[in-house]
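As stored in start37.cif (mmCIF, C-alpha atoms):
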data_data
#
loop_
_atom_site.label_atom_id
_atom_site.label_comp_id
_atom_site.auth_asym_id
_atom_site.auth_seq_id
_atom_site.Cartn_x
_atom_site.Cartn_y
_atom_site.Cartn_z
CA MET Z 1 210.94 143.49 276.37
CA SER Z 2 207.44 142.15 276.79
CA ALA Z 3 204.50 143.00 274.55
CA SER Z 4 202.89 145.16 277.24
CA GLU Z 5 206.13 147.13 277.70
CA ASN Z 6 206.32 147.63 273.91
CA ARG Z 7 202.72 148.93 273.84
CA ARG Z 8 203.41 151.29 276.74
CA LEU Z 9 206.56 152.59 275.04
CA SER Z 10 204.69 152.99 271.74
CA ARG Z 11 201.96 155.03 273.49
CA ARG Z 12 204.55 157.25 275.17
CA LEU Z 13 206.35 157.82 271.87
CA ALA Z 14 203.05 158.60 270.13
CA LEU Z 15 202.22 161.15 272.85
CA VAL Z 16 205.65 162.73 272.45
CA ALA Z 17 205.15 162.94 268.66
CA ILE Z 18 201.68 164.50 269.09
CA GLY Z 19 203.09 166.94 271.65
CA MET Z 20 205.92 167.93 269.29
CA PHE Z 21 203.44 168.48 266.45
CA GLY Z 22 201.22 170.63 268.69
CA PHE Z 23 204.22 172.64 269.88
CA ALA Z 24 205.38 173.26 266.30
CA PHE Z 25 201.85 174.27 265.28
CA ALA Z 26 201.65 176.74 268.20
CA LEU Z 27 205.03 178.32 267.35
CA VAL Z 28 203.69 180.24 264.32
CA PRO Z 29 201.25 182.51 266.20
CA PHE Z 30 203.68 182.69 269.13
CA TYR Z 31 206.46 183.88 266.77
CA ASN Z 32 204.11 186.44 265.19
CA GLN Z 33 203.15 187.82 268.61
CA ILE Z 34 206.80 188.12 269.67
CA CYS Z 35 207.58 189.99 266.43
CA VAL Z 36 204.65 192.36 266.99
CA ALA Z 37 205.65 192.96 270.62
CA LEU Z 38 209.26 193.67 269.69
CA GLY Z 39 208.39 195.58 266.51
CA ILE Z 40 210.55 193.37 264.29
CA ASN Z 41 209.94 191.39 261.11
CA SER Z 42 206.44 192.80 260.70
CA ILE Z 43 205.01 191.70 257.37
CA GLU Z 44 201.42 192.42 258.27
CA SER Z 45 201.46 196.20 258.50
CA ALA Z 46 202.68 199.21 256.59
CA SER Z 47 205.77 201.10 257.65
CA ALA Z 48 205.43 204.58 259.02
CA VAL Z 49 207.37 206.80 256.62
CA THR Z 50 208.86 209.54 258.77
CA ASN Z 51 211.32 211.30 256.46
CA THR Z 52 209.96 212.81 253.25
CA GLN Z 53 213.26 214.32 252.09
CA VAL Z 54 214.50 212.85 248.80
CA ASP Z 55 218.26 212.42 248.51
CA ARG Z 56 218.85 213.21 244.81
CA SER Z 57 222.62 212.98 245.26
CA ARG Z 58 222.50 209.17 245.16
CA THR Z 59 220.61 206.29 243.60
CA VAL Z 60 219.87 202.78 244.78
CA THR Z 61 219.01 199.91 242.47
CA ILE Z 62 216.18 197.68 243.71
CA GLU Z 63 216.39 194.22 242.12
CA LEU Z 64 213.01 192.46 242.10
CA ASP Z 65 212.64 188.71 242.54
CA SER Z 66 209.69 186.36 243.00
CA ASN Z 67 209.28 182.75 244.08
CA THR Z 68 206.59 180.30 245.07
CA HIS Z 69 206.98 177.45 247.51
CA ASP Z 70 204.93 174.40 246.40
CA LEU Z 71 202.21 176.72 245.12
CA PRO Z 72 200.43 176.34 241.75
CA TRP Z 73 200.92 180.00 240.81
CA ARG Z 74 203.02 181.82 238.24
CA PHE Z 75 204.46 184.81 240.03
CA ARG Z 76 206.73 187.50 238.60
CA PRO Z 77 207.65 191.18 238.91
CA LEU Z 78 206.63 193.24 235.87
CA GLN Z 79 210.16 194.66 235.74
CA GLY Z 80 213.46 193.20 236.87
CA TYR Z 81 214.72 196.26 238.71
CA VAL Z 82 214.10 199.95 239.41
CA THR Z 83 216.49 202.74 240.26
CA VAL Z 84 215.34 205.07 243.03
CA HIS Z 85 216.56 208.01 245.06
CA PRO Z 86 216.43 207.39 248.82
CA GLY Z 87 213.34 209.10 250.26
CA GLU Z 88 211.44 208.82 246.96
CA LEU Z 89 208.02 207.12 246.98
CA THR Z 90 208.13 204.29 244.41
CA THR Z 91 205.60 201.79 243.10
CA VAL Z 92 206.39 198.44 241.46
CA GLU Z 93 203.96 195.74 240.36
CA TYR Z 94 203.96 191.97 240.52
CA GLU Z 95 201.73 189.66 238.52
CA ILE Z 96 200.35 186.41 239.81
CA VAL Z 97 198.32 183.69 238.06
CA ASN Z 98 196.56 180.74 239.70
CA VAL Z 99 197.10 177.77 237.37
CA ARG Z 100 195.19 175.29 239.59
CA GLU Z 101 191.59 174.38 238.77
CA ALA Z 102 190.56 175.39 242.29
CA PRO Z 103 190.78 178.52 244.44
CA VAL Z 104 194.09 178.85 246.29
CA THR Z 105 195.09 181.15 249.15
CA GLY Z 106 198.69 182.23 249.64
CA GLN Z 107 200.75 184.57 251.82
CA ALA Z 108 203.85 186.37 250.57
CA VAL Z 109 206.92 186.74 252.75
CA PRO Z 110 209.52 189.37 251.82
CA SER Z 111 213.27 189.06 252.18
CA TYR Z 112 216.08 191.50 251.48
CA GLY Z 113 219.67 191.33 250.39
CA PRO Z 114 221.78 192.49 252.02
CA GLN Z 115 219.76 191.54 255.08
CA ARG Z 116 220.54 194.82 256.88
CA ALA Z 117 218.82 196.72 254.04
CA GLY Z 118 215.44 195.46 255.30
CA GLU Z 119 215.42 197.96 258.15
CA TYR Z 120 215.74 200.82 255.61
CA PHE Z 121 213.11 199.47 253.21
CA GLN Z 122 209.76 200.94 254.23
CA LYS Z 123 206.68 199.41 252.61
CA VAL Z 124 203.65 201.72 252.52
CA GLU Z 125 201.43 199.30 250.59
CA CYS Z 126 202.12 195.64 249.90
CA PHE Z 127 200.25 192.50 248.93
CA CYS Z 128 202.33 190.77 251.61
CA PHE Z 129 200.26 192.41 254.36
CA THR Z 130 197.29 190.11 253.70
CA GLN Z 131 196.58 186.62 252.43
CA GLN Z 132 195.68 186.50 248.74
CA THR Z 133 192.97 184.17 247.41
CA LEU Z 134 192.96 183.58 243.66
CA GLN Z 135 190.18 181.80 241.83
CA PRO Z 136 191.00 179.17 239.15
CA GLY Z 137 192.83 180.84 236.26
CA GLU Z 138 192.67 184.28 237.90
CA THR Z 139 195.42 186.78 237.07
CA ARG Z 140 196.09 189.66 239.43
CA ARG Z 141 198.49 192.61 239.40
CA MET Z 142 199.60 193.66 242.86
CA PRO Z 143 201.51 196.83 243.76
CA VAL Z 144 204.25 197.39 246.29
CA VAL Z 145 204.63 201.04 247.30
CA PHE Z 146 207.84 201.73 249.19
CA VAL Z 147 210.44 204.27 250.25
CA VAL Z 148 214.12 203.56 250.83
CA ASP Z 149 215.10 205.45 253.96
CA PRO Z 150 217.75 208.12 253.23
CA LYS Z 151 219.62 206.81 256.29
CA LEU Z 152 220.54 203.71 254.24
CA PRO Z 153 224.32 203.28 254.60
CA ARG Z 154 226.15 204.82 251.64
CA ASP Z 155 227.96 201.56 250.85
CA VAL Z 156 224.62 199.91 249.98
CA ASN Z 157 223.90 200.71 246.32
CA THR Z 158 221.75 197.68 245.49
CA ILE Z 159 218.92 196.03 247.41
CA ALA Z 160 217.45 192.71 246.33
CA LEU Z 161 213.75 192.55 247.20
CA SER Z 162 212.43 189.00 247.01
CA TYR Z 163 208.93 187.72 247.72
CA THR Z 164 208.11 184.07 248.27
CA PHE Z 165 204.47 182.98 248.25
CA PHE Z 166 203.49 180.08 250.50
CA GLU Z 167 200.13 178.30 250.33
CA VAL Z 168 197.94 178.87 253.37
CA ALA Z 169 196.86 175.34 254.27
CA GLY Z 170 193.17 174.75 254.72
CA ARG Z 171 192.12 178.10 253.25
CA GLY Z 172 191.29 177.06 249.66
CA GLY Z 173 188.72 179.50 248.32
CA LYS Z 174 187.97 181.29 251.58
CA SER Z 175 188.77 184.99 251.59
#

Representation of the structure as structure tokens:
Amino acid sequence: MSASENRRLSRRLALVAIGMFGFAFALVPFYNQICVALGINSIESASAVTNTQVDRSRTVTIELDSNTHDLPWRFRPLQGYVTVHPGELTTVEYEIVNVREAPVTGQAVPSYGPQRAGEYFQKVECFCFTQQTLQPGETRRMPVVFVVDPKLPRDVNTIALSYTFFEVAGRGGKS
């Protein structure tokens, strides 16, 4: 191969790499719009609680977990678990501390175990709906208000609720 062919191939490969990066960057808002359109995996809005009947004949244990992904925060639930009756409005709190010497913005993403339990877990209020900016050394307590739908299958007695905070790149101290 000649030097000019190598340069031409290098340019083409660089364009392909830039195109792949741009495509990957565009996938995030595209994915969010698809989720909104289909009404699935919505982490940005509260659930509409339709059934207010509390099923006192059964209890469900909600195990609380917290994680950060490459984020300089200490993040933990204030209790390890709660026991609730399906249909009962419940509030739990998480605590977060920014240990970096600069403001940091993060976004929490919830996950559920078993996965099918997520469709029966209705969040009324959650810190995961918005990005959170913490100043250096700031400590914040954040509530999650939820209802477990009474239609939850009877064989599900425990739900693991886990939040993972990811840093929002380029946000720093902006609110």

For Asn98 (chain Z): contacts at 8 Å, only C-alpha atoms, fewer than 5 positions along chain excluded, given as a PyMOL selection string
chain Z and resi 72-74+103-104+134-139

Selection to disk with C-alpha atoms, as a PDB file, in the frame of the given file:
ATOM      1  CA  PRO Z  72     200.430 176.340 241.750  1.00  0.00           C
ATOM      2  CA  TRP Z  73     200.920 180.000 240.810  1.00  0.00           C
ATOM      3  CA  ARG Z  74     203.020 181.820 238.240  1.00  0.00           C
ATOM      4  CA  PRO Z 103     190.780 178.520 244.440  1.00  0.00           C
ATOM      5  CA  VAL Z 104     194.090 178.850 246.290  1.00  0.00           C
ATOM      6  CA  LEU Z 134     192.960 183.580 243.660  1.00  0.00           C
ATOM      7  CA  GLN Z 135     190.180 181.800 241.830  1.00  0.00           C
ATOM      8  CA  PRO Z 136     191.000 179.170 239.150  1.00  0.00           C
ATOM      9  CA  GLY Z 137     192.830 180.840 236.260  1.00  0.00           C
ATOM     10  CA  GLU Z 138     192.670 184.280 237.900  1.00  0.00           C
ATOM     11  CA  THR Z 139     195.420 186.780 237.070  1.00  0.00           C
TER      12      THR Z 139
END

Using the chain letters and numbers from the file, give me the residues hit by the PyMOL selection byres ((chain Z and resi 126) around 8), as a PyMOL selection string.
chain Z and resi 46+123-125+127-129+142-145

What does the distance from CA of Ser2 (chain Z) to CA of Gly19 (chain Z) come to in Å, to one decimal?
25.7 Å

Taking the file as I've supplied it (selection: the PyMOL selection byres ((chain Z and resi 85) around 8)), which residues are included? Please answer as a PyMOL selection string.
chain Z and resi 54-60+83-84+86-88+148

Env of region 106-118 of chain Z: 6 Å cut, atoms = only C-alpha atoms, seq-sep filter 6 positions within chain, self excluded. Answer as a PyMOL selection string.
chain Z and resi 128+131-132+159-168

Output for the residues just chosen: C-alpha atoms as a compact mmCIF listing (two decimals), in the coordinates of the input:
# COMPACT_ATOMS: atom_id res chain seq x y z
CA CYS Z 128 202.33 190.77 251.61
CA GLN Z 131 196.58 186.62 252.43
CA GLN Z 132 195.68 186.50 248.74
CA ILE Z 159 218.92 196.03 247.41
CA ALA Z 160 217.45 192.71 246.33
CA LEU Z 161 213.75 192.55 247.20
CA SER Z 162 212.43 189.00 247.01
CA TYR Z 163 208.93 187.72 247.72
CA THR Z 164 208.11 184.07 248.27
CA PHE Z 165 204.47 182.98 248.25
CA PHE Z 166 203.49 180.08 250.50
CA GLU Z 167 200.13 178.30 250.33
CA VAL Z 168 197.94 178.87 253.37

Determine the residue membership of the PyMOL selection byres ((chain Z and resi 93) around 7) for the file above and supply it as JSON, numbers by chain.
{"Z": [77, 78, 91, 92, 94, 95, 141, 142, 143, 144]}

Now that the selection is made, can you save its residues with C-alpha atoms as a PDB file, in the frame of the given file?
ATOM      1  CA  PRO Z  77     207.650 191.180 238.910  1.00  0.00           C
ATOM      2  CA  LEU Z  78     206.630 193.240 235.870  1.00  0.00           C
ATOM      3  CA  THR Z  91     205.600 201.790 243.100  1.00  0.00           C
ATOM      4  CA  VAL Z  92     206.390 198.440 241.460  1.00  0.00           C
ATOM      5  CA  TYR Z  94     203.960 191.970 240.520  1.00  0.00           C
ATOM      6  CA  GLU Z  95     201.730 189.660 238.520  1.00  0.00           C
ATOM      7  CA  ARG Z 141     198.490 192.610 239.400  1.00  0.00           C
ATOM      8  CA  MET Z 142     199.600 193.660 242.860  1.00  0.00           C
ATOM      9  CA  PRO Z 143     201.510 196.830 243.760  1.00  0.00           C
ATOM     10  CA  VAL Z 144     204.250 197.390 246.290  1.00  0.00           C
TER      11      VAL Z 144
END

May I have the centre and edge lengths, in Å to one decimal, of an axis-aligned box around the listed atoms of region 120-131 of chain Z with 8 Å added to every side, as JSON?
{"center_x": 206.2, "center_y": 194.2, "center_z": 252.3, "size_x": 35.2, "size_y": 31.1, "size_z": 22.7}

Skip Thr158 (chain Z) itself and residues of its chain fewer than 6 positions away, then list as a list in words all residues within 8 Å of it, counting all atoms listed in the file.
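The residues satisfying every condition are Val60, Thr61, Ile62 and Glu63 of chain Z.
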